[in-house]
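Working notes, beginning with the structure itself.
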Amino acid sequence: MSGHVAAIFRHPVKGFTPESLTHVDLAPGEGFPHDRTYAVENGPSGFDPEAPAWVTKQKFTVLAAIPKVAAARTRVDDATGVLTAEAPGRPTFAGRLAEPAGREAFAAWLTDFLDPEDVRGPLRVVDARGQFRFTDHPLGQVSIINLASVRDLSAKMGVELDPLRFRGNLYVEGWPAWAENGWEGRELMLGWARASVFKPIVRCAATEVDPTTAERDLEVVKALFDNYGHMHCGIYIRMNTAGRVGLGDAVTEPQPQAQPS
């Protein structure tokens, strides 16, 4: 059975607004383009841009720790590299995060916007280099959310969950609910590109924040465990071949692995 790509998103600044895409070019060993290439330190994190290495997300301004982050709407213009940020009652920010002055100005704007009790130390925008990305898992390259699984969880909870709570890169329609949890190590096709399923994604408190209202309103992680005995929603994949993936492209359900005879 095949599903298809129903939505594609990137998150240029970790924790901030998802940006919708019509297609993306993926390749082995490379991070998702322009996804989580910046993060905002909440006090010193130990991250060194000259020697990038994975740091826990709790060191950054992320939804799991600061729901109000969702109220800041950000967007990066590909042509100019300018990031704009808007928030209720605040002046609009515009600046290039590729430049030190732009990073400092965004950190200052964000410091004024966030509640003082949520700021543990000086905010500093840090950037990824090369293929490094500020992903929640150091080996998570591309994330896929099965929309049928989100609907099944919604039905169990008696609410309509916004799939963007799960902050995935690719959203797939047409797979059976929760089938993806059994695909670790198996290969699937994304359009004409091949990828291997790395592991299910363990969910955290970020999913409890409504991406529209910026309120922590639902115990999604608890609902996952109470209803299914796990805290997974979505999978990480790693690319085996390069290829462009666009809206509507087929995403095959992996075939069962052959059993030893």
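Following the order of the structure tokens, first chain is A, next is B, and so on, with residues numbered from 1 inside each chain and ligands from 1 in the order they appear.
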
DSSP strand (DSSP E or B) residues within region 12-260 of chain A, listed as a PyMOL selection string: chain A and resi 13+19-21+23-26+38-42+60+73-76+82-86+93-96+123-127+142-146+170-173+187-190+193-202+209+216+232-239+243-246+250-252

Write out as a tab-separated table the residues of region 9-57 of chain A that have any atom within 10 Å of an atom of region 204-216 of chain A, one row each with the nearest atom pair and its distance in Å to one decimal, counting only C-alpha atoms, sorted by chain and then rising number.
residue	atom	partner	partner_atom	distance
A:Gly15	CA	A:Ala206	CA	8.8
A:Phe16	CA	A:Pro211	CA	9.6
A:Thr17	CA	A:Pro211	CA	8.5
A:Pro18	CA	A:Pro211	CA	9.6

Val76 (chain A) environment, 12 Å, only C-alpha atoms, sequence neighbours closer than 3 positions dropped, as a list in words: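 Listing them by chain and then by number gives Arg10, His11, Pro12, Val13, Phe16, Thr17, Pro18, Glu19, Ser20, His34, Asp35, Arg36, Thr37, Tyr38, Arg73, Ala79, Thr80, Gly81, Val82, Leu83, Thr84, Ala85, Phe93, Ala94, Gly95, Arg96, Leu97 and Ala98 of chain A.
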
Atomic separation - CA of Lys199 (chain A) relative to CA of Ile237 (chain A), Å: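 Taking CA of Ile237 (chain A) as the start and CA of Lys199 (chain A) as the end point, the length is 7.3 Å.
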
List the spatial neighbours of Thr241 (chain A) as an mmCIF file with N, CA, C and O atoms, in the first residue's frame - criterion: any atom at most 8 Å away, only C-alpha atoms, same-chain residues fewer than 4 positions off excluded.
data_model
loop_
_atom_site.group_PDB
_atom_site.id
_atom_site.type_symbol
_atom_site.label_atom_id
_atom_site.label_comp_id
_atom_site.auth_asym_id
_atom_site.auth_seq_id
_atom_site.Cartn_x
_atom_site.Cartn_y
_atom_site.Cartn_z
ATOM 1 N N ALA A 27 18.851 14.278 0.329
ATOM 2 C CA ALA A 27 20.014 13.497 -0.092
ATOM 3 C C ALA A 27 20.632 12.803 1.118
ATOM 4 O O ALA A 27 20.499 13.271 2.256
ATOM 5 N N PRO A 28 21.317 11.661 0.887
ATOM 6 C CA PRO A 28 21.957 10.936 1.990
ATOM 7 C C PRO A 28 22.959 11.811 2.739
ATOM 8 O O PRO A 28 23.695 12.594 2.129
ATOM 9 N N ALA A 193 13.007 8.508 -4.604
ATOM 10 C CA ALA A 193 14.128 8.397 -3.675
ATOM 11 C C ALA A 193 13.855 7.286 -2.665
ATOM 12 O O ALA A 193 12.712 7.004 -2.311
ATOM 13 N N ARG A 194 14.918 6.657 -2.213
ATOM 14 C CA ARG A 194 14.806 5.591 -1.219
ATOM 15 C C ARG A 194 15.303 6.087 0.139
ATOM 16 O O ARG A 194 16.252 6.860 0.225
ATOM 17 N N ALA A 195 14.645 5.611 1.192
ATOM 18 C CA ALA A 195 15.032 5.986 2.551
ATOM 19 C C ALA A 195 14.819 4.796 3.474
ATOM 20 O O ALA A 195 14.019 3.900 3.183
#

Residue contacts of Ala177 (chain A) (9 Å, only C-alpha atoms) excluding same-chain residues fewer than 6 positions away, as a VMD selection string: chain A and resid 146 to 152

Residues of region 131-202 of chain A that approach region 53-62 of chain A to 10 Å or less, counting only C-alpha atoms: could you list each one with the shortest pair of atoms and its distance in Å to one decimal, rows by chain and increasing residue number, as JSON lines?
{"residue": "A:Phe132", "atom": "CA", "partner": "A:Ala53", "partner_atom": "CA", "distance": 7.8}
{"residue": "A:Arg133", "atom": "CA", "partner": "A:Trp54", "partner_atom": "CA", "distance": 8.4}
{"residue": "A:Phe134", "atom": "CA", "partner": "A:Trp54", "partner_atom": "CA", "distance": 7.1}
{"residue": "A:Thr135", "atom": "CA", "partner": "A:Trp54", "partner_atom": "CA", "distance": 8.1}
{"residue": "A:Asp136", "atom": "CA", "partner": "A:Lys57", "partner_atom": "CA", "distance": 6.3}
{"residue": "A:His137", "atom": "CA", "partner": "A:Trp54", "partner_atom": "CA", "distance": 8.0}
{"residue": "A:Pro138", "atom": "CA", "partner": "A:Trp54", "partner_atom": "CA", "distance": 5.7}
{"residue": "A:Leu139", "atom": "CA", "partner": "A:Trp54", "partner_atom": "CA", "distance": 9.3}

Spatial neighbours of Val202 (chain A), 9 Å, only C-alpha atoms, chain gap at least 6 places, as a ChimeraX atom specification: /A:230-235

All helix (DSSP H, G or I) positions in region 41-196 of chain A, as an NGL selection string: :A and (57-59 or 67-71 or 100-113 or 116-118 or 147-157 or 163-166 or 179-182)

Selected residue, from A:Val172, A:Val40, A:Leu218, A:Ala70, that lies nearest to Val125 (chain A) when counting only C-alpha atoms: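 Smallest distance to Val125 (chain A) is found for A:Val40.
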
Long-range neighbours of Tyr171 (chain A) as a PyMOL selection string, 7 Å cut-off, only C-alpha atoms, 4 positions minimum in chain: chain A and resi 5-8+144-147

Two-atom distance - CA of Ser2 (chain A), CA of Ala179 (chain A) (Å): 12.1 Å

Å distance separating CA of Pro200 (chain A) from CA of Glu41 (chain A), one decimal place: 26.7 Å

Among the residues A:Phe47, A:Tyr236, A:Phe166, A:Trp178, the one that comes closest to Gln141 (chain A) [using only C-alpha atoms]: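 Of A:Phe47, A:Tyr236, A:Phe166, A:Trp178, the one nearest Gln141 (chain A) is A:Tyr236, counting only C-alpha atoms.
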
Pick from A:Phe113, A:Trp175, A:Phe32, A:Phe198, whichever lies nearest to Arg244 (chain A) using only C-alpha atoms: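 Among the listed residues, A:Phe32 lies closest to Arg244 (chain A).
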